[in-house]
>>> print(open('upload.pdb').read())   # PDB, C-alpha atoms, pLDDT in the B column
ATOM      1  CA  MET A 269     -39.080 -12.168  15.744  1.00 45.00           C
ATOM      2  CA  LYS A 270     -39.058 -14.888  13.080  1.00 47.00           C
ATOM      3  CA  THR A 271     -36.218 -15.088  10.595  1.00 47.00           C
ATOM      4  CA  ASP A 272     -38.488 -14.348   7.631  1.00 52.00           C
ATOM      5  CA  ASP A 273     -39.850 -11.272   9.385  1.00 50.00           C
ATOM      6  CA  LEU A 274     -36.320 -10.050  10.122  1.00 39.00           C
ATOM      7  CA  ILE A 275     -35.269 -10.480   6.491  1.00 44.00           C
ATOM      8  CA  SER A 276     -38.359  -8.615   5.320  1.00 51.00           C
ATOM      9  CA  LEU A 277     -37.642  -5.790   7.772  1.00 45.00           C
ATOM     10  CA  LEU A 278     -34.037  -5.455   6.661  1.00 41.00           C
ATOM     11  CA  ALA A 279     -35.036  -5.506   3.010  1.00 47.00           C
ATOM     12  CA  THR A 280     -37.727  -2.856   3.405  1.00 51.00           C
ATOM     13  CA  GLY A 281     -36.815   0.231   1.417  1.00 46.00           C
ATOM     14  CA  ALA A 282     -33.594  -1.324   0.132  1.00 45.00           C
ATOM     15  CA  ASP A 283     -32.641  -0.126  -3.327  1.00 47.00           C
ATOM     16  CA  ALA A 284     -30.602  -2.005  -5.882  1.00 47.00           C
ATOM     17  CA  VAL A 285     -26.884  -1.444  -5.567  1.00 49.00           C
ATOM     18  CA  GLU A 286     -25.431   0.494  -8.467  1.00 60.00           C
ATOM     19  CA  PRO A 287     -22.980  -1.462 -10.638  1.00 56.00           C
ATOM     20  CA  HIS A 288     -19.328  -0.899  -9.711  1.00 68.00           C
ATOM     21  CA  ALA A 289     -20.294   1.211  -6.696  1.00 76.00           C
ATOM     22  CA  ALA A 290     -17.359  -0.178  -4.687  1.00 81.00           C
ATOM     23  CA  GLU A 291     -14.885   0.562  -7.481  1.00 84.00           C
ATOM     24  CA  ARG A 292     -16.119   4.159  -7.767  1.00 90.00           C
ATOM     25  CA  ARG A 293     -15.919   4.583  -4.013  1.00 90.00           C
ATOM     26  CA  TYR A 294     -12.311   3.358  -3.976  1.00 91.00           C
ATOM     27  CA  THR A 295     -11.394   5.513  -6.973  1.00 92.00           C
ATOM     28  CA  LYS A 296     -12.611   8.587  -5.116  1.00 94.00           C
ATOM     29  CA  ALA A 297     -10.755   7.540  -1.955  1.00 94.00           C
ATOM     30  CA  MET A 298      -7.520   6.834  -3.832  1.00 95.00           C
ATOM     31  CA  VAL A 299      -7.565  10.166  -5.665  1.00 96.00           C
ATOM     32  CA  ILE A 300      -8.223  12.124  -2.471  1.00 96.00           C
ATOM     33  CA  GLY A 301      -5.723  10.072  -0.472  1.00 96.00           C
ATOM     34  CA  ALA A 302      -2.971  10.333  -3.099  1.00 96.00           C
ATOM     35  CA  ILE A 303      -3.413  14.109  -3.347  1.00 97.00           C
ATOM     36  CA  GLY A 304      -3.277  14.334   0.441  1.00 97.00           C
ATOM     37  CA  ALA A 305      -0.130  12.194   0.516  1.00 97.00           C
ATOM     38  CA  LEU A 306       1.531  14.340  -2.149  1.00 97.00           C
ATOM     39  CA  LEU A 307       0.713  17.560  -0.306  1.00 97.00           C
ATOM     40  CA  LEU A 308       1.964  16.088   2.968  1.00 96.00           C
ATOM     41  CA  MET A 309       5.163  14.933   1.285  1.00 96.00           C
ATOM     42  CA  LEU A 310       5.748  18.383  -0.228  1.00 96.00           C
ATOM     43  CA  SER A 311       5.189  20.008   3.168  1.00 95.00           C
ATOM     44  CA  MET A 312       7.984  17.918   4.699  1.00 94.00           C
ATOM     45  CA  MET A 313      10.444  17.483   1.826  1.00 94.00           C
ATOM     46  CA  SER A 314      10.978  18.381  -1.802  1.00 92.00           C
ATOM     47  CA  ILE A 315      10.903  16.534  -5.096  1.00 94.00           C
ATOM     48  CA  ARG A 316      14.414  15.424  -5.989  1.00 93.00           C
ATOM     49  CA  ARG A 317      16.142  17.961  -8.213  1.00 93.00           C
ATOM     50  CA  ASP A 318      17.578  15.339 -10.548  1.00 94.00           C
ATOM     51  CA  LEU A 319      14.252  13.598 -11.144  1.00 94.00           C
ATOM     52  CA  ALA A 320      14.515  14.012 -14.918  1.00 94.00           C
ATOM     53  CA  GLU A 321      17.976  12.428 -14.932  1.00 95.00           C
ATOM     54  CA  ALA A 322      16.876   9.650 -12.575  1.00 95.00           C
ATOM     55  CA  ALA A 323      13.947   8.882 -14.871  1.00 95.00           C
ATOM     56  CA  MET A 324      16.463   7.896 -17.539  1.00 96.00           C
ATOM     57  CA  LEU A 325      17.759   5.052 -15.395  1.00 96.00           C
ATOM     58  CA  PRO A 326      16.194   1.551 -15.658  1.00 96.00           C
ATOM     59  CA  MET A 327      16.365   1.026 -11.889  1.00 96.00           C
ATOM     60  CA  PHE A 328      14.176   4.069 -11.312  1.00 97.00           C
ATOM     61  CA  TRP A 329      11.389   2.493 -13.333  1.00 97.00           C
ATOM     62  CA  LEU A 330      11.966  -0.877 -11.739  1.00 97.00           C
ATOM     63  CA  LYS A 331      11.389   0.793  -8.369  1.00 98.00           C
ATOM     64  CA  ILE A 332       8.258   2.529  -9.678  1.00 97.00           C
ATOM     65  CA  GLY A 333       6.985  -0.725 -11.171  1.00 97.00           C
ATOM     66  CA  PHE A 334       7.629  -2.635  -7.951  1.00 98.00           C
ATOM     67  CA  VAL A 335       5.713  -0.165  -5.800  1.00 98.00           C
ATOM     68  CA  ALA A 336       2.929   0.285  -8.373  1.00 97.00           C
ATOM     69  CA  SER A 337       2.415  -3.487  -8.578  1.00 96.00           C
ATOM     70  CA  LEU A 338       1.900  -3.548  -4.808  1.00 97.00           C
ATOM     71  CA  VAL A 339      -0.622  -0.720  -5.109  1.00 97.00           C
ATOM     72  CA  VAL A 340      -2.604  -2.750  -7.654  1.00 95.00           C
ATOM     73  CA  ALA A 341      -2.352  -6.027  -5.716  1.00 94.00           C
ATOM     74  CA  SER A 342      -3.362  -4.476  -2.397  1.00 95.00           C
ATOM     75  CA  LEU A 343      -6.220  -2.614  -4.097  1.00 94.00           C
ATOM     76  CA  PHE A 344      -7.594  -5.922  -5.368  1.00 91.00           C
ATOM     77  CA  ALA A 345      -7.233  -7.347  -1.851  1.00 92.00           C
ATOM     78  CA  ALA A 346      -9.036  -4.356  -0.325  1.00 92.00           C
ATOM     79  CA  LEU A 347     -11.868  -4.586  -2.845  1.00 90.00           C
ATOM     80  CA  ARG A 348     -12.385  -8.301  -2.193  1.00 89.00           C
ATOM     81  CA  LEU A 349     -12.254  -7.894   1.577  1.00 88.00           C
ATOM     82  CA  SER A 350     -14.808  -5.080   1.387  1.00 85.00           C
ATOM     83  CA  ARG A 351     -17.420  -7.620   0.337  1.00 81.00           C
ATOM     84  CA  PRO A 352     -18.981 -10.026   2.850  1.00 79.00           C
ATOM     85  CA  GLY A 353     -17.767 -13.592   2.605  1.00 70.00           C
ATOM     86  CA  ALA A 354     -15.203 -12.837  -0.100  1.00 69.00           C
ATOM     87  CA  ARG A 355     -12.309 -15.287  -0.423  1.00 74.00           C
ATOM     88  CA  LEU A 356      -8.755 -14.129  -0.942  1.00 75.00           C
ATOM     89  CA  ASP A 357      -7.797 -17.097  -3.161  1.00 78.00           C
ATOM     90  CA  TRP A 358      -4.845 -15.911  -5.276  1.00 82.00           C
ATOM     91  CA  VAL A 359      -4.549 -12.415  -3.771  1.00 83.00           C
ATOM     92  CA  PRO A 360      -1.783 -13.226  -1.197  1.00 88.00           C
ATOM     93  CA  GLY A 361       0.313 -14.716  -3.986  1.00 91.00           C
ATOM     94  CA  VAL A 362      -0.144 -11.645  -6.156  1.00 90.00           C
ATOM     95  CA  ILE A 363       0.959  -9.423  -3.259  1.00 93.00           C
ATOM     96  CA  ALA A 364       3.961 -11.631  -2.480  1.00 95.00           C
ATOM     97  CA  ALA A 365       5.115 -12.002  -6.105  1.00 95.00           C
ATOM     98  CA  PRO A 366       6.620  -8.508  -6.638  1.00 96.00           C
ATOM     99  CA  VAL A 367       8.283  -8.651  -3.211  1.00 97.00           C
ATOM    100  CA  LEU A 368       9.885 -12.007  -4.025  1.00 97.00           C
ATOM    101  CA  VAL A 369      11.045 -10.707  -7.405  1.00 97.00           C
ATOM    102  CA  MET A 370      12.631  -7.644  -5.789  1.00 97.00           C
ATOM    103  CA  TRP A 371      14.266  -9.829  -3.141  1.00 97.00           C
ATOM    104  CA  GLY A 372      15.660 -12.044  -5.898  1.00 98.00           C
ATOM    105  CA  ILE A 373      17.150  -9.018  -7.666  1.00 97.00           C
ATOM    106  CA  ALA A 374      18.509  -7.738  -4.344  1.00 97.00           C
ATOM    107  CA  ALA A 375      20.152 -11.084  -3.597  1.00 97.00           C
ATOM    108  CA  TYR A 376      21.732 -11.133  -7.067  1.00 97.00           C
ATOM    109  CA  VAL A 377      23.082  -7.599  -6.583  1.00 97.00           C
ATOM    110  CA  LEU A 378      24.495  -8.361  -3.127  1.00 97.00           C
ATOM    111  CA  ILE A 379      26.110 -11.629  -4.207  1.00 96.00           C
ATOM    112  CA  GLY A 380      27.773  -9.945  -7.168  1.00 94.00           C
ATOM    113  CA  ALA A 381      29.007  -6.938  -5.164  1.00 95.00           C
ATOM    114  CA  ASP A 382      32.257  -6.622  -3.260  1.00 94.00           C
ATOM    115  CA  ALA A 383      32.009  -7.103   0.490  1.00 91.00           C
ATOM    116  CA  ALA A 384      32.842  -3.436   1.026  1.00 91.00           C
ATOM    117  CA  GLN A 385      29.928  -2.320  -1.168  1.00 95.00           C
ATOM    118  CA  ARG A 386      27.212  -4.461   0.419  1.00 96.00           C
ATOM    119  CA  PHE A 387      26.699  -2.206   3.424  1.00 96.00           C
ATOM    120  CA  GLY A 388      26.010   0.800   1.206  1.00 95.00           C
ATOM    121  CA  LEU A 389      23.747  -1.172  -1.132  1.00 97.00           C
ATOM    122  CA  PHE A 390      21.574  -2.315   1.762  1.00 97.00           C
ATOM    123  CA  PHE A 391      21.509   0.777   3.985  1.00 97.00           C
ATOM    124  CA  GLY A 392      21.916   3.519   1.377  1.00 95.00           C
ATOM    125  CA  SER A 393      21.990   6.987   2.920  1.00 95.00           C
ATOM    126  CA  THR A 394      18.383   7.312   4.101  1.00 96.00           C
ATOM    127  CA  TRP A 395      17.542   4.030   5.858  1.00 96.00           C
ATOM    128  CA  ARG A 396      16.906   5.805   9.169  1.00 96.00           C
ATOM    129  CA  VAL A 397      14.078   7.950   7.767  1.00 97.00           C
ATOM    130  CA  CYS A 398      12.745   6.068   4.737  1.00 97.00           C
ATOM    131  CA  PRO A 399      10.258   3.696   6.481  1.00 97.00           C
ATOM    132  CA  ILE A 400       9.089   6.429   8.875  1.00 97.00           C
ATOM    133  CA  LEU A 401       8.466   8.915   6.065  1.00 97.00           C
ATOM    134  CA  ILE A 402       6.527   6.365   4.013  1.00 98.00           C
ATOM    135  CA  ALA A 403       4.397   5.553   7.063  1.00 97.00           C
ATOM    136  CA  LEU A 404       3.727   9.250   7.746  1.00 97.00           C
ATOM    137  CA  ILE A 405       2.828  10.010   4.139  1.00 97.00           C
ATOM    138  CA  SER A 406       0.411   7.069   4.168  1.00 97.00           C
ATOM    139  CA  VAL A 407      -1.877   8.665   6.782  1.00 97.00           C
ATOM    140  CA  PRO A 408      -4.125  10.635   4.347  1.00 97.00           C
ATOM    141  CA  VAL A 409      -4.457   7.567   2.138  1.00 97.00           C
ATOM    142  CA  PHE A 410      -5.270   5.354   5.119  1.00 97.00           C
ATOM    143  CA  VAL A 411      -8.026   7.710   6.257  1.00 96.00           C
ATOM    144  CA  ALA A 412      -9.560   7.821   2.767  1.00 96.00           C
ATOM    145  CA  VAL A 413      -9.284   4.063   2.142  1.00 95.00           C
ATOM    146  CA  THR A 414     -10.716   3.245   5.565  1.00 93.00           C
ATOM    147  CA  TRP A 415     -13.670   5.532   4.786  1.00 92.00           C
ATOM    148  CA  ALA A 416     -14.207   3.701   1.487  1.00 91.00           C
ATOM    149  CA  MET A 417     -13.987   0.283   3.103  1.00 90.00           C
ATOM    150  CA  LYS A 418     -16.184   1.121   6.082  1.00 87.00           C
ATOM    151  CA  GLY A 419     -18.962   2.249   3.756  1.00 83.00           C
ATOM    152  CA  LEU A 420     -19.084  -1.241   2.248  1.00 83.00           C
ATOM    153  CA  ALA A 421     -19.405  -4.518   4.159  1.00 78.00           C
ATOM    154  CA  PRO A 422     -16.080  -5.992   5.342  1.00 83.00           C
ATOM    155  CA  THR A 423     -16.637  -9.072   7.489  1.00 82.00           C
ATOM    156  CA  ARG A 424     -12.982  -9.846   8.209  1.00 86.00           C
ATOM    157  CA  PRO A 425     -11.874  -6.544   9.786  1.00 88.00           C
ATOM    158  CA  ARG A 426      -8.347  -7.595  10.661  1.00 90.00           C
ATOM    159  CA  PHE A 427      -7.497  -8.777   7.150  1.00 90.00           C
ATOM    160  CA  ALA A 428      -9.402  -5.858   5.660  1.00 90.00           C
ATOM    161  CA  GLY A 429      -7.483  -3.422   7.867  1.00 93.00           C
ATOM    162  CA  PHE A 430      -4.196  -5.003   6.797  1.00 95.00           C
ATOM    163  CA  ALA A 431      -5.149  -4.630   3.129  1.00 94.00           C
ATOM    164  CA  ALA A 432      -6.206  -1.010   3.676  1.00 95.00           C
ATOM    165  CA  GLY A 433      -2.924  -0.271   5.437  1.00 96.00           C
ATOM    166  CA  LEU A 434      -0.842  -1.994   2.762  1.00 97.00           C
ATOM    167  CA  LEU A 435      -2.680  -0.094   0.028  1.00 97.00           C
ATOM    168  CA  SER A 436      -2.026   3.138   1.936  1.00 97.00           C
ATOM    169  CA  GLY A 437       1.643   2.307   2.437  1.00 97.00           C
ATOM    170  CA  ALA A 438       2.183   1.322  -1.194  1.00 98.00           C
ATOM    171  CA  THR A 439       0.483   4.497  -2.439  1.00 98.00           C
ATOM    172  CA  ALA A 440       2.602   6.566  -0.052  1.00 98.00           C
ATOM    173  CA  ALA A 441       5.747   4.774  -1.232  1.00 98.00           C
ATOM    174  CA  LEU A 442       4.843   5.620  -4.826  1.00 97.00           C
ATOM    175  CA  VAL A 443       4.549   9.285  -3.873  1.00 98.00           C
ATOM    176  CA  TYR A 444       7.783   9.073  -1.878  1.00 98.00           C
ATOM    177  CA  CYS A 445       9.616   7.911  -5.021  1.00 97.00           C
ATOM    178  CA  LEU A 446       9.448  11.521  -6.208  1.00 96.00           C
ATOM    179  CA  HIS A 447      11.788  12.476  -3.364  1.00 96.00           C
ATOM    180  CA  CYS A 448      13.809   9.371  -2.544  1.00 96.00           C
ATOM    181  CA  PRO A 449      17.335   9.216  -4.019  1.00 95.00           C
ATOM    182  CA  GLU A 450      17.771   5.473  -3.400  1.00 97.00           C
ATOM    183  CA  LEU A 451      17.813   3.155  -6.423  1.00 97.00           C
ATOM    184  CA  ASP A 452      19.516  -0.007  -5.173  1.00 97.00           C
ATOM    185  CA  ALA A 453      17.401  -3.169  -5.075  1.00 97.00           C
ATOM    186  CA  PRO A 454      18.600  -4.301  -1.604  1.00 98.00           C
ATOM    187  CA  PHE A 455      17.521  -0.977  -0.114  1.00 98.00           C
ATOM    188  CA  ILE A 456      14.154  -0.970  -1.866  1.00 98.00           C
ATOM    189  CA  GLY A 457      13.477  -4.619  -1.103  1.00 97.00           C
ATOM    190  CA  PHE A 458      13.895  -4.106   2.639  1.00 98.00           C
ATOM    191  CA  TRP A 459      13.345  -0.493   3.705  1.00 98.00           C
ATOM    192  CA  TYR A 460      10.511   0.272   1.292  1.00 98.00           C
ATOM    193  CA  VAL A 461       8.751  -2.944   2.242  1.00 98.00           C
ATOM    194  CA  LEU A 462       9.223  -2.098   5.920  1.00 98.00           C
ATOM    195  CA  GLY A 463       7.718   1.345   5.354  1.00 98.00           C
ATOM    196  CA  MET A 464       4.671  -0.231   3.683  1.00 98.00           C
ATOM    197  CA  LEU A 465       4.268  -2.836   6.413  1.00 97.00           C
ATOM    198  CA  ILE A 466       4.063  -0.219   9.179  1.00 97.00           C
ATOM    199  CA  PRO A 467       0.630   1.100   8.059  1.00 97.00           C
ATOM    200  CA  ALA A 468      -0.386  -2.459   7.117  1.00 96.00           C
ATOM    201  CA  GLY A 469       0.330  -3.607  10.663  1.00 96.00           C
ATOM    202  CA  ALA A 470      -1.469  -0.590  12.091  1.00 96.00           C
ATOM    203  CA  GLY A 471      -4.453  -1.364   9.882  1.00 95.00           C
ATOM    204  CA  ALA A 472      -4.562  -4.956  11.105  1.00 94.00           C
ATOM    205  CA  LEU A 473      -4.516  -3.775  14.721  1.00 94.00           C
ATOM    206  CA  LEU A 474      -7.129  -1.061  14.181  1.00 92.00           C
ATOM    207  CA  GLY A 475      -9.355  -3.037  11.838  1.00 86.00           C
ATOM    208  CA  ARG A 476     -11.747  -4.309  14.490  1.00 84.00           C
ATOM    209  CA  LEU A 477     -12.242  -0.782  15.810  1.00 86.00           C
ATOM    210  CA  LEU A 478     -12.389   1.199  12.566  1.00 84.00           C
ATOM    211  CA  LEU A 479     -14.239  -1.246  10.315  1.00 81.00           C
ATOM    212  CA  ARG A 480     -17.017  -2.289  12.664  1.00 73.00           C
ATOM    213  CA  TRP A 481     -20.494  -2.065  11.136  1.00 64.00           C
TER     214      TRP A 481
END
>>> encode(input="upload.pdb", output="structure tokens")
Amino acid sequence: MKTDDLISLLATGADAVEPHAAERRYTKAMVIGAIGALLLMLSMMSIRRDLAEAAMLPMFWLKIGFVASLVVASLFAALRLSRPGARLDWVPGVIAAPVLVMWGIAAYVLIGADAAQRFGLFFGSTWRVCPILIALISVPVFVAVTWAMKGLAPTRPRFAGFAAGLLSGATAALVYCLHCPELDAPFIGFWYVLGMLIPAGAGALLGRLLLRW
């Protein structure tokens, strides 16, 4: 078959793509995934009782802002990687920026703390379960985001899977903030990031299988 004939065959019956179809698809996936993550979180644990008091503390909102910025950055990455031939350009820097800022704050806190306090600042009281819980809560989001991405045209499945996993992990971490009692920057900068990287790594490994089209 000649190339022109193949193009004509593929184009037969093709309708124009609706404007912002990808954005609407991701909006639907994020809403469904976030609701699923919240319900899963509530089935395993409870919202912290002192949430109203915690919301009065600047560090609580710094934690929320850090995680939310990763949600936005990874969403941009997922949207770009859902399109064939899309370049990442500045996206890796946008993803890295909030992490580097949090690490800078964490380093400042650790340097200024007494040696006896540094262990508690880094490990907190929930380091054993925090990354695992974030990864578990991310599952509904990962399923929904993978559905959204697969319905588009990702041509770099490994990178796309990583972005889908990071978006899932960041969304799950945002939901987990409703339960988590930890507010120290060293803890958030390491254990939260680790929890988000678990689904990101899984997405990179599963990308070729799940995002094939």
>>> atom_distance(input="upload.pdb", atom1="CA of Gly301 in chain A", atom2="CA of Arg355 in chain A")
26.2 Å
>>> residues_around(input="upload.pdb", residues="Leu306 in chain A", least_positions_apart="5", cutoff="12 Å", atoms="all atoms listed in the file", output="ChimeraX atom specification")
/A:298-301,311-315,402,404-409,439-447
>>> resolve_selection(input="upload.pdb", expression="the PyMOL selection byres ((chain A and resi 336-352) around 7)", output="PyMOL selection string")
chain A and resi 332-335+353-354+356+359+362-363+366+417+420-424+428+431-432+434-435+438-439+442
>>> atom_distance(input="upload.pdb", atom1="CA of Phe455 in chain A", atom2="CA of Leu330 in chain A")
12.9 Å
>>> closest_residue(input="upload.pdb", among="A:Leu319, A:Met309, A:Ala383, A:Ala470", to="Thr414 in chain A", atoms="all atoms listed in the file")
A:Ala470
>>> closest_residue(input="upload.pdb", among="A:Glu321, A:Pro467, A:Phe427, A:Trp329", to="Pro360 in chain A", atoms="only C-alpha atoms")
A:Phe427
>>> resolve_selection(input="upload.pdb", expression="the PyMOL selection byres ((chain A and resi 475) around 8)", output="PyMOL selection string")
chain A and resi 425-430+471-474+476-480
>>> closest_residue(input="upload.pdb", among="A:Arg386, A:Arg316, A:Lys418, A:Arg396", to="Arg293 in chain A", atoms="only C-alpha atoms")
A:Lys418
>>> residues_near_point(input="upload.pdb", point="(-9.6, 4.1, -0.4)", cutoff="6 Å", atoms="only C-alpha atoms", output="number ranges by chain")
A: 294, 297-298, 412-413, 416
>>> atom_distance(input="upload.pdb", atom1="CA of Tyr460 in chain A", atom2="CA of Ser436 in chain A")
12.9 Å
>>> closest_residue(input="upload.pdb", among="A:Ala320, A:Ile466, A:Val411, A:Leu451", to="Gly304 in chain A", atoms="only C-alpha atoms")
A:Val411
>>> resolve_selection(input="upload.pdb", expression="the PyMOL selection byres ((chain A and resi 391) around 10)", output="ChimeraX atom specification")
/A:386-390,392-396,450,452,454-456,458-459
>>> residues_near_point(input="upload.pdb", point="(10.7, 2.3, 8.8)", cutoff="7 Å", atoms="only C-alpha atoms", output="list in words")
Val397, Cys398, Pro399, Ile400, Trp459, Leu462 and Gly463 of chain A
>>> decode(input="upload.pdb", residues="range 454-474 of chain A", atoms="N, CA, C and O atoms", output="compact mmCIF listing (two decimals), in the first residue's frame")
# COMPACT_ATOMS: atom_id res chain seq x y z
N PRO A 454 12.17 18.56 57.07
CA PRO A 454 13.01 17.40 56.73
C PRO A 454 12.20 16.13 56.48
O PRO A 454 12.52 15.36 55.56
N PHE A 455 11.17 15.92 57.27
CA PHE A 455 10.31 14.75 57.07
C PHE A 455 9.60 14.84 55.73
O PHE A 455 9.60 13.90 54.94
N ILE A 456 8.97 15.97 55.47
CA ILE A 456 8.20 16.14 54.24
C ILE A 456 9.10 16.05 53.01
O ILE A 456 8.75 15.41 52.01
N GLY A 457 10.27 16.66 53.10
CA GLY A 457 11.18 16.69 51.96
C GLY A 457 11.73 15.33 51.58
O GLY A 457 12.15 15.14 50.43
N PHE A 458 11.73 14.38 52.51
CA PHE A 458 12.25 13.05 52.18
C PHE A 458 11.13 12.02 52.07
O PHE A 458 10.95 11.38 51.03
N TRP A 459 10.35 11.83 53.13
CA TRP A 459 9.39 10.72 53.16
C TRP A 459 8.20 10.97 52.25
O TRP A 459 7.69 10.02 51.62
N TYR A 460 7.74 12.20 52.15
CA TYR A 460 6.66 12.50 51.21
C TYR A 460 7.14 12.30 49.76
O TYR A 460 6.42 11.74 48.93
N VAL A 461 8.33 12.80 49.49
CA VAL A 461 8.87 12.64 48.13
C VAL A 461 9.05 11.16 47.80
O VAL A 461 8.75 10.71 46.69
N LEU A 462 9.52 10.38 48.77
CA LEU A 462 9.67 8.95 48.56
C LEU A 462 8.32 8.30 48.26
O LEU A 462 8.19 7.47 47.35
N GLY A 463 7.29 8.68 49.01
CA GLY A 463 5.96 8.14 48.77
C GLY A 463 5.44 8.46 47.38
O GLY A 463 4.77 7.64 46.75
N MET A 464 5.76 9.67 46.88
CA MET A 464 5.33 10.04 45.53
C MET A 464 6.14 9.35 44.46
O MET A 464 5.64 9.07 43.35
N LEU A 465 7.39 9.05 44.75
CA LEU A 465 8.25 8.40 43.76
C LEU A 465 7.94 6.92 43.58
O LEU A 465 8.26 6.35 42.54
N ILE A 466 7.32 6.30 44.58
CA ILE A 466 6.97 4.88 44.44
C ILE A 466 5.99 4.67 43.28
O ILE A 466 6.26 3.87 42.37
N PRO A 467 4.83 5.38 43.23
CA PRO A 467 3.96 5.21 42.06
C PRO A 467 4.58 5.75 40.78
O PRO A 467 4.29 5.24 39.69
N ALA A 468 5.45 6.77 40.89
CA ALA A 468 6.12 7.29 39.69
C ALA A 468 7.03 6.22 39.09
O ALA A 468 7.05 6.01 37.87
N GLY A 469 7.78 5.53 39.95
CA GLY A 469 8.63 4.44 39.47
C GLY A 469 7.82 3.30 38.89
O GLY A 469 8.18 2.72 37.86
N ALA A 470 6.71 2.97 39.56
CA ALA A 470 5.84 1.91 39.04
C ALA A 470 5.27 2.30 37.69
O ALA A 470 5.17 1.47 36.77
N GLY A 471 4.91 3.57 37.53
CA GLY A 471 4.38 4.03 36.26
C GLY A 471 5.41 3.94 35.15
O GLY A 471 5.09 3.58 34.01
N ALA A 472 6.67 4.27 35.47
CA ALA A 472 7.73 4.17 34.47
C ALA A 472 7.93 2.72 34.04
O ALA A 472 8.16 2.44 32.85
N LEU A 473 7.85 1.80 34.99
CA LEU A 473 8.03 0.38 34.66
C LEU A 473 6.86 -0.18 33.88
O LEU A 473 7.04 -1.03 32.99
N LEU A 474 5.65 0.28 34.19
CA LEU A 474 4.45 -0.27 33.57
C LEU A 474 4.01 0.51 32.33
O LEU A 474 3.06 0.10 31.65
